[in-house]
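Student: So that you have it, the file is my_file35.txt, and it contains compact mmCIF, C-alpha atoms:
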# COMPACT_ATOMS: atom_id res chain seq x y z
CA MET Z 1 101.01 82.65 89.65
CA THR Z 2 104.19 81.18 91.14
CA ASN Z 3 105.96 83.06 93.91
CA LEU Z 4 108.30 85.72 92.52
CA THR Z 5 111.80 86.39 93.79
CA ILE Z 6 112.47 89.93 95.00
CA TYR Z 7 114.27 90.60 91.72
CA GLN Z 8 111.34 89.36 89.64
CA GLN Z 9 108.97 91.37 91.82
CA ALA Z 10 111.06 94.49 91.21
CA VAL Z 11 110.91 93.90 87.46
CA ARG Z 12 107.15 93.43 87.68
CA GLU Z 13 106.83 96.75 89.53
CA MET Z 14 108.96 98.46 86.88
CA TYR Z 15 106.67 97.13 84.19
CA GLU Z 16 103.57 98.40 85.98
CA ALA Z 17 105.19 101.79 86.64
CA ILE Z 18 106.19 102.34 83.02
CA ALA Z 19 102.51 102.79 82.14
CA GLY Z 20 102.57 106.02 84.15
CA VAL Z 21 105.67 107.50 82.51
CA ASP Z 22 104.64 110.68 80.68
CA THR Z 23 108.00 112.34 80.00
CA VAL Z 24 108.48 110.22 76.88
CA GLU Z 25 106.17 108.37 74.51
CA THR Z 26 106.08 104.62 75.05
CA CYS Z 27 105.99 102.84 71.68
CA LYS Z 28 105.90 99.30 73.08
CA ILE Z 29 105.96 97.71 76.50
CA GLN Z 30 105.88 93.92 76.96
CA TYR Z 31 106.09 91.64 79.98
CA ASN Z 32 107.59 88.17 79.34
CA ALA Z 33 108.56 89.58 75.98
CA VAL Z 34 109.72 87.87 72.81
CA ILE Z 35 111.99 90.22 70.86
CA GLU Z 36 112.92 89.92 67.21
CA GLY Z 37 116.68 90.25 66.78
CA LYS Z 38 118.75 90.45 63.62
CA THR Z 39 119.61 86.76 63.71
CA SER Z 40 117.13 85.18 66.14
CA THR Z 41 114.38 85.86 68.66
CA HIS Z 42 115.12 86.54 72.32
CA GLU Z 43 113.15 86.27 75.54
CA ALA Z 44 113.21 88.97 78.20
CA ASP Z 45 111.33 89.73 81.39
CA VAL Z 46 110.41 93.22 80.12
CA TYR Z 47 110.95 95.02 76.84
CA TRP Z 48 110.38 98.79 76.72
CA GLU Z 49 110.62 100.87 73.58
CA PHE Z 50 110.16 104.64 73.86
CA THR Z 51 110.87 107.88 72.04
CA ASP Z 52 111.57 111.44 73.12
CA GLY Z 53 110.34 112.73 69.77
CA ASP Z 54 113.79 112.71 68.17
CA LEU Z 55 115.28 109.31 68.93
CA THR Z 56 113.86 105.89 69.77
CA TYR Z 57 115.39 103.90 72.60
CA LYS Z 58 114.97 100.31 73.75
CA ALA Z 59 115.42 98.83 77.21
CA VAL Z 60 115.66 95.09 77.84
CA ILE Z 61 115.13 94.23 81.52
CA GLN Z 62 116.04 90.94 83.17
CA ALA Z 63 115.86 89.65 86.74
CA LYS Z 64 118.87 87.60 87.84
CA GLU Z 65 119.74 86.12 91.21
CA GLN Z 66 123.39 86.83 90.46
CA ALA Z 67 125.09 88.87 87.73
CA SER Z 68 128.18 86.85 86.76
CA LEU Z 69 130.55 87.54 83.88
CA ALA Z 70 129.07 84.58 82.02
CA GLU Z 71 125.55 86.00 82.45
CA LEU Z 72 126.73 89.40 81.22
CA PHE Z 73 128.32 87.94 78.07
CA VAL Z 74 125.11 86.08 77.20
CA PHE Z 75 123.04 89.20 77.85
CA LEU Z 76 125.40 91.37 75.82
CA ARG Z 77 125.11 89.06 72.80
CA MET Z 78 121.35 89.46 73.00
CA LEU Z 79 121.55 93.25 73.21
CA ARG Z 80 123.87 93.44 70.20
CA ASP Z 81 121.50 91.32 68.15
CA ILE Z 82 118.63 93.75 68.72
CA PRO Z 83 118.80 96.67 66.26
CA GLY Z 84 118.75 100.27 67.47
CA GLN Z 85 119.88 101.99 70.64
CA VAL Z 86 119.42 99.29 73.23
CA MET Z 87 120.05 99.56 76.97
CA GLY Z 88 120.25 96.42 79.08
CA VAL Z 89 119.04 96.31 82.67
CA ILE Z 90 119.76 93.50 85.12
CA VAL Z 91 117.99 93.54 88.46
CA THR Z 92 120.10 91.54 90.87
CA GLN Z 93 121.74 91.33 94.27
CA PRO Z 94 124.63 93.68 95.13
CA VAL Z 95 127.65 93.23 92.84
CA TYR Z 96 131.05 93.66 94.44
CA GLN Z 97 133.37 92.50 91.64
CA LYS Z 98 134.96 95.46 89.85
CA ASP Z 99 135.39 93.57 86.57
CA ILE Z 100 131.66 92.85 86.39
CA LYS Z 101 130.76 96.46 87.15
CA ASP Z 102 133.25 97.77 84.57
CA MET Z 103 132.04 95.42 81.86
CA ALA Z 104 128.41 96.33 82.51
CA ALA Z 105 129.14 100.07 82.40
CA ASN Z 106 131.12 99.80 79.14
CA ALA Z 107 128.52 97.58 77.48
CA GLY Z 108 125.52 99.76 78.29
CA ILE Z 109 124.11 97.42 80.92
CA LEU Z 110 122.58 99.00 84.03
CA LEU Z 111 123.02 96.85 87.13
CA TYR Z 112 120.06 97.54 89.40
CA GLU Z 113 121.28 96.16 92.72
CA LEU Z 114 118.71 95.45 95.40
CA THR Z 115 120.04 95.54 98.92
CA GLN Z 116 116.79 94.51 100.59
CA PRO Z 117 113.39 93.06 99.66
CA ILE Z 118 110.83 95.49 98.31
CA THR Z 119 107.90 93.11 98.63
CA GLY Z 120 105.18 93.60 101.20
CA GLU Z 121 103.18 96.67 102.08
CA ILE Z 122 104.37 99.70 104.04
CA TRP Z 123 101.62 102.28 104.45
CA GLU Z 124 102.49 105.89 105.18
CA PRO Z 125 100.45 109.12 105.11
CA VAL Z 126 101.11 111.34 102.10
CA VAL Z 127 100.08 115.01 101.99
CA SER Z 128 99.20 116.89 98.80
CA ASN Z 129 97.29 119.94 97.52
CA VAL Z 130 98.43 122.17 100.38
CA LYS Z 131 96.91 125.65 100.63
CA VAL Z 132 97.84 128.07 103.41
CA SER Z 133 95.18 130.76 103.85
CA VAL Z 134 96.11 133.96 105.68
CA ASP Z 135 94.05 136.74 107.24
CA LYS Z 136 94.21 139.09 104.26
CA VAL Z 137 92.96 142.13 106.19
CA TRP Z 138 95.56 141.61 108.91
CA VAL Z 139 98.36 141.11 106.37
CA LYS Z 140 97.34 144.24 104.44
CA GLN Z 141 97.45 146.33 107.60
CA ALA Z 142 100.83 144.88 108.61
CA LYS Z 143 102.29 145.70 105.19
CA GLU Z 144 100.92 149.23 105.31
CA GLN Z 145 102.45 149.81 108.74
CA ALA Z 146 105.80 148.56 107.41
CA GLY Z 147 105.59 150.92 104.43
CA LEU Z 148 105.19 148.10 101.93
CA ASP Z 149 102.90 148.17 98.92
CA ASP Z 150 102.40 145.03 96.88
CA GLU Z 151 105.72 143.46 97.84
CA PRO Z 152 105.15 139.73 98.45
CA ILE Z 153 105.88 138.25 101.86
CA GLN Z 154 107.95 135.09 101.42
CA VAL Z 155 107.60 132.11 103.74
CA SER Z 156 109.47 128.80 103.88
CA VAL Z 157 108.33 126.26 101.30
CA GLU Z 158 109.54 123.42 103.54
CA PRO Z 159 106.75 122.36 105.94
CA LYS Z 160 109.23 121.25 108.60
CA TYR Z 161 110.78 124.73 108.63
CA SER Z 162 107.47 126.59 108.55
CA PHE Z 163 107.16 127.58 112.20
CA ILE Z 164 103.84 128.55 113.79
CA TYR Z 165 103.57 130.92 116.78
CA ASP Z 166 100.91 132.14 119.18
CA GLU Z 167 100.16 135.81 119.89
CA ALA Z 168 102.76 135.92 122.69
CA GLY Z 169 105.53 134.77 120.35
CA ASN Z 170 105.72 131.18 121.59
CA CYS Z 171 106.47 128.55 118.95
CA LEU Z 172 103.58 126.12 118.87
CA ASP Z 173 104.37 123.77 116.01
CA THR Z 174 105.36 123.57 112.36
CA VAL Z 175 103.19 123.03 109.31
CA GLN Z 176 104.76 119.57 109.08
CA GLY Z 177 103.65 118.90 112.64
CA ILE Z 178 100.05 119.62 111.63
CA PHE Z 179 100.40 117.24 108.68
CA ASP Z 180 101.78 114.54 110.99
CA GLN Z 181 98.95 115.04 113.47
CA TYR Z 182 96.33 114.11 110.88
CA GLY Z 183 98.52 111.50 109.20
CA LYS Z 184 98.69 109.50 112.43
CA GLN Z 185 94.90 109.53 112.61
CA GLN Z 186 94.48 108.18 109.09
CA GLN Z 187 93.21 104.61 109.36
CA ALA Z 188 92.37 103.53 105.82
CA SER Z 189 93.39 104.17 102.26
CA GLY Z 190 91.50 106.89 100.46
CA ARG Z 191 92.08 110.60 100.20
CA GLN Z 192 90.66 112.92 102.88
CA THR Z 193 90.56 116.71 102.67
CA ILE Z 194 91.53 118.44 105.90
CA VAL Z 195 90.72 122.05 106.81
CA HIS Z 196 92.78 122.86 109.89
CA THR Z 197 91.57 126.00 111.66
CA PHE Z 198 92.98 127.82 114.70
CA ALA Z 199 90.96 128.56 117.84
CA ALA Z 200 93.22 131.44 118.88
CA PRO Z 201 95.22 133.98 116.84
CA THR Z 202 98.06 132.06 115.21
CA PHE Z 203 100.96 133.30 113.10
CA LEU Z 204 103.31 131.87 110.50
CA GLN Z 205 106.95 132.94 110.50
CA THR Z 206 108.11 134.68 107.31
CA ASN Z 207 111.44 135.49 105.69
CA HIS Z 208 110.72 139.23 105.69
CA ALA Z 209 112.57 141.55 108.10
CA LEU Z 210 109.73 144.12 108.35
CA VAL Z 211 106.85 141.64 108.57
CA PRO Z 212 108.33 138.65 110.44
CA PHE Z 213 104.93 137.01 110.99
CA ILE Z 214 101.63 136.79 109.15
CA LYS Z 215 98.33 135.81 110.70
CA LEU Z 216 96.89 132.48 109.62
CA ASP Z 217 93.30 131.72 108.78
CA ASN Z 218 93.50 127.98 108.00
CA ILE Z 219 95.58 125.30 106.30
CA THR Z 220 93.85 123.02 103.82
CA PHE Z 221 95.41 119.83 102.48
CA ASP Z 222 94.68 116.30 101.34
CA VAL Z 223 96.05 113.29 103.21
CA GLU Z 224 95.92 109.61 102.28
CA LEU Z 225 97.62 106.39 103.23
CA VAL Z 226 99.82 105.12 100.42
CA ASN Z 227 101.75 101.89 100.05
CA VAL Z 228 105.20 103.43 99.70
CA ASN Z 229 106.63 100.24 98.22
CA GLN Z 230 104.62 101.05 95.09
CA TRP Z 231 106.99 103.97 94.56
CA ALA Z 232 109.93 101.60 94.01
CA GLY Z 233 108.77 100.73 90.50
CA VAL Z 234 108.27 104.39 89.64
CA ASP Z 235 111.76 105.29 90.82
CA MET Z 236 113.34 102.37 88.96
CA ALA Z 237 111.50 103.18 85.72
CA ALA Z 238 112.65 106.80 85.94
CA ASP Z 239 116.22 105.67 86.58
CA ILE Z 240 116.19 103.38 83.54
CA LEU Z 241 114.85 106.18 81.37
CA GLU Z 242 117.49 108.65 82.56
CA SER Z 243 120.35 106.13 82.28
CA THR Z 244 119.35 105.07 78.76
CA VAL Z 245 119.17 108.61 77.41
CA ARG Z 246 122.42 109.59 79.17
CA TYR Z 247 124.28 106.52 77.90
CA PHE Z 248 123.44 107.30 74.29
CA GLY Z 249 124.66 110.87 74.71
CA LYS Z 250 121.50 112.93 74.40
In structure tokens, what does this structure look like?
Tutor:
Amino acid sequence: MTNLTIYQQAVREMYEAIAGVDTVETCKIQYNAVIEGKTSTHEADVYWEFTDGDLTYKAVIQAKEQASLAELFVFLRMLRDIPGQVMGVIVTQPVYQKDIKDMAANAGILLYELTQPITGEIWEPVVSNVKVSVDKVWVKQAKEQAGLDDEPIQVSVEPKYSFIYDEAGNCLDTVQGIFDQYGKQQQASGRQTIVHTFAAPTFLQTNHALVPFIKLDNITFDVELVNVNQWAGVDMAADILESTVRYFGK
């Protein structure tokens, strides 16, 4: 395979990501596609046809080093020759000319402007399947002392704002800090299940005035190294889907 430009690579990643889209039904997805128009056939980097159950939409995706007015006119003629509700997508470098942006917006052409290369691999730890286990006996006693029955004790859902304290009331860390501790130790791809226990009594801050802390038992979660550049295609595919549906007024 010849070396791809960053724009062609982005289109390739879109194509690969579309296979994982489950919010709509994909009717057809083609790479290096040949599309039958009303008057002639057309070539495109990617052709995506999908339905939301009520309407069928089509997206024609092209990689271009530069999106000029001339390029837009040629692309627009293609789009108008393809029957149905067709959205055009051009993956290109940043566009600064207002007339080009205006024409693209009015014609139903999404300009996907890349400001930097997305090629290469950037590996970062990703945490999932988080379960915070508390000392149920301790929590029950604390609720009884506060005069509470089955009222739930709310805690922060944001790991970086979930503060952890020792028995003396000193802040030790956050839940995010625990995630980061194991993420830095992760050396290879592959999911690992972590059960983080506490050697001394440890407490999680709550949002409840009468029970400001609850005693922790352990925190269980999965951590794996993921190439975050793989997410670019997922984000772009989702953006195309949303833009297409919005443009056609649904």
Student: With distances taken over all atoms listed in the file, which of Z:Arg191, Z:Lys64, Z:Lys143, Z:His196 is nearest to Gln8 (chain Z)?
Tutor: Z:Lys64
Student: Mind pulling up the distance from CA of Tyr57 (chain Z) to CA of Leu241 (chain Z)?
Tutor: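 Distance between the two atoms: 9.1 Å.
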Student: When distances are computed from all atoms listed in the file, which of Z:Val155, Z:Cys171, Z:Ala107, Z:Leu148 shows the smallest separation from Thr244 (chain Z)?
Tutor: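 Using all atoms listed in the file, the shortest distance to Thr244 (chain Z) belongs to Z:Ala107.
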Student: Any idea what the distance is between CA of Gln141 (chain Z) and CA of Pro212 (chain Z)?
Tutor: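 Between these atoms lies a distance of 13.6 Å.
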Student: Would you mind telling me which residue in Z:Gln145, Z:Gln85, Z:Asn170, Z:Asn218 lies nearest to Phe248 (chain Z) when using all atoms listed in the file?
Tutor: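 Looking only at the distances to Phe248 (chain Z), the closest residue turns out to be Z:Gln85.
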Student: May I ask which of the residues Z:Pro159, Z:Pro94, Z:Gly37, Z:Gly169 is the closest one to Met78 (chain Z), counting only C-alpha atoms?
Tutor: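 So, comparing all the options, the nearest one is Z:Gly37.
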Student: Please compute the CA of Thr39 (chain Z)-CA of Ser68 (chain Z) distance, one decimal, in Å.
Tutor: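 If I compute the distance from CA of Thr39 (chain Z) to CA of Ser68 (chain Z), I get 24.6 Å.
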Student: Quick one: residues within 9 Å of region 179-181 of chain Z, only C-alpha atoms, excluding same-chain residues fewer than 6 positions away - as a list in words?
Tutor: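 The contact residues come out as Pro125, Val126, Val127, Pro159, Phe221 and Val223 of chain Z.
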Student: Those selected residues, please, written with C-alpha atoms and delivered as an mmCIF file, keeping the file's coordinate frame.
Tutor:
data_model
loop_
_atom_site.group_PDB
_atom_site.id
_atom_site.type_symbol
_atom_site.label_atom_id
_atom_site.label_comp_id
_atom_site.auth_asym_id
_atom_site.auth_seq_id
_atom_site.Cartn_x
_atom_site.Cartn_y
_atom_site.Cartn_z
ATOM 1 C CA PRO Z 125 100.450 109.120 105.110
ATOM 2 C CA VAL Z 126 101.110 111.340 102.100
ATOM 3 C CA VAL Z 127 100.080 115.010 101.990
ATOM 4 C CA PRO Z 159 106.750 122.360 105.940
ATOM 5 C CA PHE Z 221 95.410 119.830 102.480
ATOM 6 C CA VAL Z 223 96.050 113.290 103.210
#
Student: Which residue out of Z:Thr26, Z:Thr41, Z:Gln205, Z:Asn32 has the minimum interatomic distance to Ile153 (chain Z) when only C-alpha atoms are used?
Tutor: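 Among Z:Thr26, Z:Thr41, Z:Gln205, Z:Asn32, it is Z:Gln205 that comes nearest to Ile153 (chain Z).
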Student: Of the candidates Z:Tyr247, Z:Phe75, Z:Phe50, Z:Tyr96, which shows the shortest atom-to-atom distance to Gln62 (chain Z), using all atoms listed in the file?
Tutor: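 Closest to Gln62 (chain Z) of all the choices is Z:Phe75.
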Student: For Gln186 (chain Z), please output as a ChimeraX atom specification all residues within 9 Å (counting all atoms listed in the file; exclusion window: fewer than 2 positions along the same chain).
Tutor: /Z:125,182-184,188-189,192,223-225
Student: Might you pull out every residue within 8 Å of Thr220 (chain Z), with all atoms listed in the file counted and same-chain residues fewer than 2 positions away left off, and present them as a tab-separated table (two decimals) with C-alpha atoms, in the frame of the given file?
Tutor:
chain	number	residue	atom	x	y	z
Z	129	ASN	CA	97.29	119.94	97.52
Z	130	VAL	CA	98.43	122.17	100.38
Z	131	LYS	CA	96.91	125.65	100.63
Z	132	VAL	CA	97.84	128.07	103.41
Z	133	SER	CA	95.18	130.76	103.85
Z	193	THR	CA	90.56	116.71	102.67
Z	194	ILE	CA	91.53	118.44	105.90
Z	195	VAL	CA	90.72	122.05	106.81
Z	196	HIS	CA	92.78	122.86	109.89
Z	218	ASN	CA	93.50	127.98	108.00
Z	222	ASP	CA	94.68	116.30	101.34
Student: Neighbourhood query: residues within 8 Å of (112.9, 101.7, 74.2), file coordinates, counting only C-alpha atoms; return as number ranges by chain.
Tutor: Z: 26-28, 47-51, 56-59, 85-87
Student: Which polymer residues, protein or nucleic acid, are no farther than 9 Å from (108.2, 100.6, 84.3), counting all atoms listed in the file, as a VMD selection string?
Tutor: chain Z and resid 11 to 21 29 46 48 233 to 238 240
